[in-house]
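Novice: One structure is given below, represented as structure tokens, and several questions about it will come after.
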Amino acid sequence: MQVAETRWLSEIAKLHGMPNAIVAHAWIDEPNSDEVLAQHKTYPLVRGIRTKPIISKGPHDSVRGQPRSLQDPKWRKGLALLEKHDLSWDLRVPYWHLEEAAEVVREHPRLRIVLNHTGYALHRTPDGIAQWRRGMEALAACPNVWCKISALNIADQPWTLAANKPIILEAIRIFGVGRCMFASNFPVDGLKGSWDYIYSQLKASVAHFPVADRRQLFADTAITFYRPHMPLS
């Protein structure tokens with residue numbers, strides 16, 4: 001099943017020309033993980049793997065030491081398989097796990113990693129933002145980590161520029177435009193607004209940036225990260 005989706009998407013791409021890159025799923029702590037990753041690599045569109053550690057329910061809960069947690073030695077060792085197969089890692093954890101994630105990242109300095117969903121800044125309280133910022137800075141200190149700016153959602157609140165622009169600008173300040181890329185997170189983010197609405201707001205958030213920086217955020221960073229060995233068309 002882990003490779004079946006990649007096979008299906010590759011067939012869709014042959015028929016329609018999209019998608020033009022695939023971030024596949026695979027477990028990295030199973031006896032056949034090496035074989036599964038090798039199978040993914042037989043499909044030219046595969047650029048990386050999104051494999052998620054387990055997470056706690058909130059900043060005051062813990063899954064520390066459980067299987068597939070960020071402290072699980074078996075799971076952490078499995079990340080080396082991604083480097084072996086020249087696959088990037090899409091990292092997805094909420095803000096209260098970011099500093100723990102940085103500990104893991106430091107063990108794999110040659111693995112290309114992109115943090116998903118702006119580190120999930122879910123709680124916009126002063127304490128929540130402070131913890132999010134510490135985690136973002138810890139990850140940004142690792143030069144092999146990039147950041148996807150997406151999923152800027154707050155429970156029971158609409159998607160507004162007023163609420164999200166400060167998070168967007170802070171993430172860009174921490175990582176720099178060369179390591180940030182806007183992403184859609186659709187169809188999930190469709191619960192908060194249409195594609196046109198959310199992308200209009202993203203563009204408005206950086207309208208004061210130079211054109212080259214905006215191109216970096218909306219295109220060039222993603223091309224550089226996900227297509228490192230392919231000529232640009």
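Residues are named by chain letter and number: chains run A, B, ... in the order of the structure tokens, numbers start at 1 in each chain, and ligands are numbered from 1 in the order shown.
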List the spatial neighbours of segment 169-178 of chain A as a count of residues only - criterion: any atom at most 9 Å away, only C-alpha atoms, same-chain residues fewer than 2 positions off excluded.
Specialist: 25
Novice: Where in segment 30-222 of chain A does DSSP assign helix (DSSP H, G or I), given as an MDAnalysis selection string?
Specialist: chainID A and resid 33:40 73:84 95:105 117:119 126:140 161:175 177:179 188:191 195:205 211:222
Novice: Which neighbours of Asp29 of chain A fall inside 8 Å, counting only C-alpha atoms, when residues of the same chain fewer than 5 positions from it are skipped, and could you give them as an mmCIF file with N, CA, C and O atoms, in the first residue's frame?
Specialist:
```
data_model
loop_
_atom_site.group_PDB
_atom_site.id
_atom_site.type_symbol
_atom_site.label_atom_id
_atom_site.label_comp_id
_atom_site.auth_asym_id
_atom_site.auth_seq_id
_atom_site.Cartn_x
_atom_site.Cartn_y
_atom_site.Cartn_z
ATOM 1 N N ARG A 68 7.850 5.153 17.653
ATOM 2 C CA ARG A 68 7.636 6.174 16.630
ATOM 3 C C ARG A 68 7.527 7.580 17.198
ATOM 4 O O ARG A 68 7.112 8.507 16.501
ATOM 5 N N LYS A 74 14.877 3.480 17.243
ATOM 6 C CA LYS A 74 14.634 2.733 16.014
ATOM 7 C C LYS A 74 14.099 3.658 14.928
ATOM 8 O O LYS A 74 14.542 3.609 13.774
ATOM 9 N N TRP A 75 13.150 4.512 15.280
ATOM 10 C CA TRP A 75 12.585 5.445 14.310
ATOM 11 C C TRP A 75 13.632 6.466 13.872
ATOM 12 O O TRP A 75 13.761 6.770 12.682
ATOM 13 N N LYS A 77 16.848 6.130 13.793
ATOM 14 C CA LYS A 77 17.825 5.475 12.937
ATOM 15 C C LYS A 77 17.277 5.299 11.528
ATOM 16 O O LYS A 77 18.028 5.390 10.537
ATOM 17 N N GLY A 78 15.975 5.094 11.420
ATOM 18 C CA GLY A 78 15.359 4.900 10.114
ATOM 19 C C GLY A 78 15.478 6.094 9.193
ATOM 20 O O GLY A 78 15.439 5.949 7.960
#
```
Novice: Residues near Arg124 of chain A, anyone? I mean within 10 Å using only C-alpha atoms, not counting same-chain ones fewer than 3 positions away, as a ChimeraX atom specification.
Specialist: /A:121,127-130,132,154,163-164,167
Novice: Could you check how far atom CA of Cys142 of chain A sits from atom CA of Val105 of chain A, in Å to one decimal?
Specialist: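 Atom CA of Val105 of chain A lies at a distance of 7.4 Å from atom CA of Cys142 of chain A.
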Novice: Would you pick out the contacts of Tyr95 of chain A at 8 Å or less, using only C-alpha atoms, so that residues sharing its chain but fewer than 4 positions from it are not included, and give the list as a compact mmCIF listing (two decimals) with N, CA, C and O atoms, in the first residue's frame?
Specialist:
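What ended up in part.txt:
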```
# COMPACT_ATOMS: atom_id res chain seq x y z
N GLY A 119 5.25 24.84 11.21
CA GLY A 119 5.40 24.37 12.58
C GLY A 119 4.12 24.40 13.39
O GLY A 119 4.15 24.33 14.62
N TYR A 120 2.99 24.48 12.69
CA TYR A 120 1.69 24.45 13.36
C TYR A 120 1.62 25.39 14.57
O TYR A 120 1.56 24.96 15.72
N ALA A 121 1.60 26.67 14.29
CA ALA A 121 1.45 27.67 15.36
C ALA A 121 -0.03 27.74 15.75
O ALA A 121 -0.73 28.72 15.47
N LEU A 122 -0.50 26.73 16.42
CA LEU A 122 -1.92 26.57 16.67
C LEU A 122 -2.45 27.48 17.77
O LEU A 122 -3.61 27.91 17.74
N GLN A 131 6.97 29.58 22.58
CA GLN A 131 7.45 28.21 22.40
C GLN A 131 7.60 27.89 20.91
O GLN A 131 8.57 27.23 20.51
N TRP A 132 6.66 28.33 20.09
CA TRP A 132 6.77 28.14 18.64
C TRP A 132 8.03 28.80 18.10
O TRP A 132 8.77 28.20 17.32
N GLY A 135 11.21 26.87 18.95
CA GLY A 135 11.34 25.69 18.12
C GLY A 135 11.73 26.02 16.70
O GLY A 135 12.57 25.33 16.09
```
Novice: Find the residues around Ala13 of chain A up to 9 Å (only C-alpha atoms counted), leave out those fewer than 6 positions away in its own chain, and share them as a PyMOL selection string.
Specialist: chain A and resi 19-20+45
Novice: I need the chosen residues saved as a compact mmCIF listing (two decimals), in the first residue's frame, with N, CA and C atoms.
Specialist:
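again-v1.txt was written with the following content:
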```
# COMPACT_ATOMS: atom_id res chain seq x y z
N PRO A 19 0.61 15.26 -11.11
CA PRO A 19 1.58 16.17 -10.50
C PRO A 19 2.95 16.07 -11.17
N ASN A 20 3.79 17.07 -10.92
CA ASN A 20 5.14 17.04 -11.48
C ASN A 20 6.19 16.67 -10.45
N LEU A 45 9.21 10.65 -10.41
CA LEU A 45 8.61 11.85 -9.81
C LEU A 45 8.80 11.92 -8.30
```
Novice: Give the strand (DSSP E or B) residues of segment 25-81 of chain A, as DSSP finds them on the backbone, and put them as an mmCIF file with N, CA and C atoms, in the first residue's frame.
Specialist:
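Output below, filename states_27.cif:
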```cif
data_model
loop_
_atom_site.group_PDB
_atom_site.id
_atom_site.type_symbol
_atom_site.label_atom_id
_atom_site.label_comp_id
_atom_site.auth_asym_id
_atom_site.auth_seq_id
_atom_site.Cartn_x
_atom_site.Cartn_y
_atom_site.Cartn_z
ATOM 1 N N VAL A 46 9.192 10.833 -7.677
ATOM 2 C CA VAL A 46 9.335 10.823 -6.217
ATOM 3 C C VAL A 46 10.559 11.624 -5.812
ATOM 4 N N ARG A 47 10.343 12.618 -4.960
ATOM 5 C CA ARG A 47 11.426 13.478 -4.486
ATOM 6 C C ARG A 47 11.752 13.256 -3.010
ATOM 7 N N GLY A 48 10.735 12.884 -2.249
ATOM 8 C CA GLY A 48 10.960 12.755 -0.814
ATOM 9 C C GLY A 48 9.888 11.911 -0.167
ATOM 10 N N ILE A 49 9.963 11.824 1.150
ATOM 11 C CA ILE A 49 9.050 11.004 1.953
ATOM 12 C C ILE A 49 8.478 11.860 3.077
ATOM 13 N N ARG A 50 7.193 11.715 3.286
ATOM 14 C CA ARG A 50 6.566 12.314 4.464
ATOM 15 C C ARG A 50 6.233 11.180 5.416
#
```
Novice: For segment 33-37 of chain A, find every residue with an atom within 12 Å (counting only C-alpha atoms), except residues of its own chain fewer than 3 positions away, and show them as a PDB file with N, CA and C atoms, in the first residue's frame.
Specialist:
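Here's the written file around01.pdb:
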```pdb
ATOM      1  N   MET A   1       0.817  -1.215   0.000  1.00  0.00           N
ATOM      2  CA  MET A   1       0.000   0.000   0.000  1.00  0.00           C
ATOM      3  C   MET A   1       0.852   1.267   0.000  1.00  0.00           C
ATOM      4  N   GLN A   2       2.023   1.211   0.616  1.00  0.00           N
ATOM      5  CA  GLN A   2       2.845   2.419   0.682  1.00  0.00           C
ATOM      6  C   GLN A   2       3.308   2.867  -0.701  1.00  0.00           C
ATOM      7  N   VAL A   3       3.487   1.908  -1.617  1.00  0.00           N
ATOM      8  CA  VAL A   3       3.957   2.235  -2.962  1.00  0.00           C
ATOM      9  C   VAL A   3       2.795   2.339  -3.949  1.00  0.00           C
ATOM     10  N   ALA A   4       1.660   1.762  -3.618  1.00  0.00           N
ATOM     11  CA  ALA A   4       0.515   1.760  -4.538  1.00  0.00           C
ATOM     12  C   ALA A   4       0.065   3.181  -4.865  1.00  0.00           C
ATOM     13  N   THR A   6       1.911   5.877  -4.902  1.00  0.00           N
ATOM     14  CA  THR A   6       2.912   6.453  -5.792  1.00  0.00           C
ATOM     15  C   THR A   6       2.722   5.949  -7.216  1.00  0.00           C
ATOM     16  N   VAL A  23       5.787  13.643  -3.104  1.00  0.00           N
ATOM     17  CA  VAL A  23       6.324  13.340  -1.779  1.00  0.00           C
ATOM     18  C   VAL A  23       5.500  12.166  -1.261  1.00  0.00           C
ATOM     19  N   ALA A  24       6.105  11.014  -1.240  1.00  0.00           N
ATOM     20  CA  ALA A  24       5.397   9.774  -0.943  1.00  0.00           C
ATOM     21  C   ALA A  24       5.362   9.506   0.559  1.00  0.00           C
ATOM     22  N   HIS A  25       4.616   8.476   0.915  1.00  0.00           N
ATOM     23  CA  HIS A  25       4.599   8.036   2.316  1.00  0.00           C
ATOM     24  C   HIS A  25       5.333   6.716   2.453  1.00  0.00           C
ATOM     25  N   ALA A  26       6.061   6.572   3.545  1.00  0.00           N
ATOM     26  CA  ALA A  26       6.682   5.290   3.888  1.00  0.00           C
ATOM     27  C   ALA A  26       7.017   5.281   5.364  1.00  0.00           C
ATOM     28  N   TRP A  27       6.851   4.124   5.993  1.00  0.00           N
ATOM     29  CA  TRP A  27       7.357   3.957   7.350  1.00  0.00           C
ATOM     30  C   TRP A  27       8.858   3.683   7.269  1.00  0.00           C
ATOM     31  N   ILE A  28       9.589   4.157   8.247  1.00  0.00           N
ATOM     32  CA  ILE A  28      11.050   4.027   8.210  1.00  0.00           C
ATOM     33  C   ILE A  28      11.590   3.129   9.305  1.00  0.00           C
ATOM     34  N   ASP A  29      10.681   2.476  10.029  1.00  0.00           N
ATOM     35  CA  ASP A  29      11.112   1.662  11.178  1.00  0.00           C
ATOM     36  C   ASP A  29      10.620   0.226  11.070  1.00  0.00           C
ATOM     37  N   GLU A  30      10.321  -0.221   9.868  1.00  0.00           N
ATOM     38  CA  GLU A  30       9.827  -1.571   9.671  1.00  0.00           C
ATOM     39  C   GLU A  30      10.900  -2.430   8.994  1.00  0.00           C
ATOM     40  N   HIS A  40       9.907   3.047  -4.100  1.00  0.00           N
ATOM     41  CA  HIS A  40       9.501   4.432  -4.375  1.00  0.00           C
ATOM     42  C   HIS A  40      10.471   5.087  -5.362  1.00  0.00           C
ATOM     43  N   LYS A  41      11.741   4.836  -5.192  1.00  0.00           N
ATOM     44  CA  LYS A  41      12.760   5.475  -6.024  1.00  0.00           C
ATOM     45  C   LYS A  41      12.706   5.032  -7.485  1.00  0.00           C
ATOM     46  N   THR A  42      12.002   3.963  -7.782  1.00  0.00           N
ATOM     47  CA  THR A  42      11.877   3.551  -9.179  1.00  0.00           C
ATOM     48  C   THR A  42      10.934   4.464  -9.953  1.00  0.00           C
ATOM     49  N   TYR A  43      10.203   5.320  -9.259  1.00  0.00           N
ATOM     50  CA  TYR A  43       9.294   6.269  -9.900  1.00  0.00           C
ATOM     51  C   TYR A  43       9.981   7.640  -9.944  1.00  0.00           C
ATOM     52  N   VAL A  46       9.192  10.833  -7.677  1.00  0.00           N
ATOM     53  CA  VAL A  46       9.335  10.823  -6.217  1.00  0.00           C
ATOM     54  C   VAL A  46      10.559  11.624  -5.812  1.00  0.00           C
ATOM     55  N   ARG A  47      10.343  12.618  -4.960  1.00  0.00           N
ATOM     56  CA  ARG A  47      11.426  13.478  -4.486  1.00  0.00           C
ATOM     57  C   ARG A  47      11.752  13.256  -3.010  1.00  0.00           C
ATOM     58  N   GLY A  48      10.735  12.884  -2.249  1.00  0.00           N
ATOM     59  CA  GLY A  48      10.960  12.755  -0.814  1.00  0.00           C
ATOM     60  C   GLY A  48       9.888  11.911  -0.167  1.00  0.00           C
ATOM     61  N   ILE A  49       9.963  11.824   1.150  1.00  0.00           N
ATOM     62  CA  ILE A  49       9.050  11.004   1.953  1.00  0.00           C
ATOM     63  C   ILE A  49       8.478  11.860   3.077  1.00  0.00           C
ATOM     64  N   ARG A  50       7.193  11.715   3.286  1.00  0.00           N
ATOM     65  CA  ARG A  50       6.566  12.314   4.464  1.00  0.00           C
ATOM     66  C   ARG A  50       6.233  11.180   5.416  1.00  0.00           C
ATOM     67  N   THR A  51       6.972  11.078   6.487  1.00  0.00           N
ATOM     68  CA  THR A  51       6.723  10.057   7.496  1.00  0.00           C
ATOM     69  C   THR A  51       6.639  10.765   8.839  1.00  0.00           C
ATOM     70  N   LYS A  74      14.877   3.480  17.243  1.00  0.00           N
ATOM     71  CA  LYS A  74      14.634   2.733  16.014  1.00  0.00           C
ATOM     72  C   LYS A  74      14.099   3.658  14.928  1.00  0.00           C
ATOM     73  N   TRP A  75      13.150   4.512  15.280  1.00  0.00           N
ATOM     74  CA  TRP A  75      12.585   5.445  14.310  1.00  0.00           C
ATOM     75  C   TRP A  75      13.632   6.466  13.872  1.00  0.00           C
ATOM     76  N   LYS A  77      16.848   6.130  13.793  1.00  0.00           N
ATOM     77  CA  LYS A  77      17.825   5.475  12.937  1.00  0.00           C
ATOM     78  C   LYS A  77      17.277   5.299  11.528  1.00  0.00           C
ATOM     79  N   GLY A  78      15.975   5.094  11.420  1.00  0.00           N
ATOM     80  CA  GLY A  78      15.359   4.900  10.114  1.00  0.00           C
ATOM     81  C   GLY A  78      15.478   6.094   9.193  1.00  0.00           C
ATOM     82  N   LEU A  79      15.633   7.287   9.754  1.00  0.00           N
ATOM     83  CA  LEU A  79      15.784   8.474   8.915  1.00  0.00           C
ATOM     84  C   LEU A  79      17.022   8.394   8.033  1.00  0.00           C
ATOM     85  N   ALA A  80      18.025   7.653   8.478  1.00  0.00           N
ATOM     86  CA  ALA A  80      19.238   7.507   7.665  1.00  0.00           C
ATOM     87  C   ALA A  80      18.939   6.808   6.341  1.00  0.00           C
ATOM     88  N   LEU A  81      17.871   6.009   6.289  1.00  0.00           N
ATOM     89  CA  LEU A  81      17.498   5.358   5.039  1.00  0.00           C
ATOM     90  C   LEU A  81      17.088   6.376   3.981  1.00  0.00           C
ATOM     91  N   LEU A  82      16.489   7.486   4.418  1.00  0.00           N
ATOM     92  CA  LEU A  82      16.097   8.515   3.454  1.00  0.00           C
ATOM     93  C   LEU A  82      17.326   9.116   2.787  1.00  0.00           C
ATOM     94  N   GLU A  83      18.338   9.371   3.584  1.00  0.00           N
ATOM     95  CA  GLU A  83      19.580   9.894   3.027  1.00  0.00           C
ATOM     96  C   GLU A  83      20.218   8.870   2.092  1.00  0.00           C
ATOM     97  N   LYS A  84      20.191   7.614   2.475  1.00  0.00           N
ATOM     98  CA  LYS A  84      20.752   6.551   1.645  1.00  0.00           C
ATOM     99  C   LYS A  84      20.124   6.549   0.257  1.00  0.00           C
ATOM    100  N   HIS A  85      18.824   6.775   0.196  1.00  0.00           N
ATOM    101  CA  HIS A  85      18.105   6.726  -1.081  1.00  0.00           C
ATOM    102  C   HIS A  85      17.944   8.115  -1.714  1.00  0.00           C
ATOM    103  N   ASP A  86      18.644   9.105  -1.195  1.00  0.00           N
ATOM    104  CA  ASP A  86      18.590  10.466  -1.724  1.00  0.00           C
ATOM    105  C   ASP A  86      17.159  10.994  -1.764  1.00  0.00           C
ATOM    106  N   LEU A  87      16.464  10.826  -0.658  1.00  0.00           N
ATOM    107  CA  LEU A  87      15.097  11.304  -0.503  1.00  0.00           C
ATOM    108  C   LEU A  87      15.048  12.352   0.601  1.00  0.00           C
ATOM    109  N   SER A  88      14.302  13.395   0.375  1.00  0.00           N
ATOM    110  CA  SER A  88      14.124  14.411   1.415  1.00  0.00           C
ATOM    111  C   SER A  88      13.062  13.930   2.404  1.00  0.00           C
TER     112      SER A  88
END
```
Novice: Quick one: distance from atom CA of Gly65 of chain A to atom CA of Val114 of chain A in Å, one decimal?
Specialist: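 Distance reported for this atom pair: 23.5 Å.
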Novice: My list of candidates is A:Asn185, A:Ser62, A:Asn144, A:Thr160. Which is closest to Tyr197 of chain A when distances are computed with only C-alpha atoms?
Specialist: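 Checking each of A:Asn185, A:Ser62, A:Asn144, A:Thr160 against Tyr197 of chain A, counting only C-alpha atoms, the winner is A:Thr160.
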